[in-house]
Amino acid sequence: MEQPIWNFEQEPRERPGDETSVNLRAYFDRMDDAKMREYSAAWSDDQVVDWDGNFRDDGALMIACCERDIDVEEYREELQHAIQYRNRVRSLLHS
């Protein structure tokens with residue numbers, strides 16, 4: 001598997017994380033940049049779930065090696081941080 005150019009997984013956190021939160025950050029590292037740029041904070045939770053396409057029927061994200069479920073609220077919060085990270089480093093990685 002090719003490593004992504006992003007390294008949001010290793011960015012400092014505001015709060016301590018666990019294995020699941022690290023895996024969520026790695027999930028976002030592998031998300032296509034064009035797809036991530038489509039995201040709108042104005043979307044409903046259902047729109048976010050449809051856009052990602054990787055949520056289970058019970059509302060949790062399907063992601064490997066997780067100790068707990070990731071709901072759409074946690075997903076959105078971390079996605080906002082991932083977008084901020086990419087906006088900050090994009091020009092450095094693509095120069």
# chains A, B, ... in the order shown; residues from 1 in each chain; ligands from 1
>>> residues_around(residues="range 71-76 of chain A", least_positions_apart="5", cutoff="8 Å", atoms="only C-alpha atoms", output="list of chain:residue names")
A:Leu24, A:Asp45, A:Val48, A:Val49, A:Gly59, A:Ala60, A:Leu61
>>> select_by_dssp(residues="range 6-48 of chain A", states="alpha helix (DSSP H)", output="list of chain:residue names")
A:Glu19, A:Thr20, A:Ser21, A:Val22, A:Asn23, A:Leu24, A:Arg25, A:Ala26, A:Tyr27, A:Phe28, A:Asp29, A:Asp33, A:Ala34, A:Lys35, A:Met36, A:Arg37, A:Glu38, A:Asp45, A:Asp46, A:Gln47, A:Val48
>>> residues_around(residues="Lys35 in chain A", least_positions_apart="4", cutoff="9 Å", atoms="only C-alpha atoms", output="list in words")
Met31, Tyr39, Trp51 and Asp52 of chain A
>>> closest_residue(among="A:Glu67, A:Glu77, A:Leu92, A:Trp6", to="Asp18 in chain A", atoms="only C-alpha atoms")
A:Glu67
>>> closest_residue(among="A:Phe28, A:Glu14, A:Asn23, A:Ala34", to="Leu79 in chain A", atoms="only C-alpha atoms")
A:Phe28
>>> closest_residue(among="A:Met62, A:Ile70, A:Ala82, A:Ala42", to="Glu9 in chain A", atoms="only C-alpha atoms")
A:Ala82
>>> atom_distance(atom1="CA of Asp57 in chain A", atom2="CA of Met36 in chain A")
22.3 Å
>>> atom_distance(atom1="CA of Asp46 in chain A", atom2="CA of Arg13 in chain A")
27.0 Å
>>> atom_distance(atom1="CA of Asp69 in chain A", atom2="CA of Thr20 in chain A")
8.1 Å
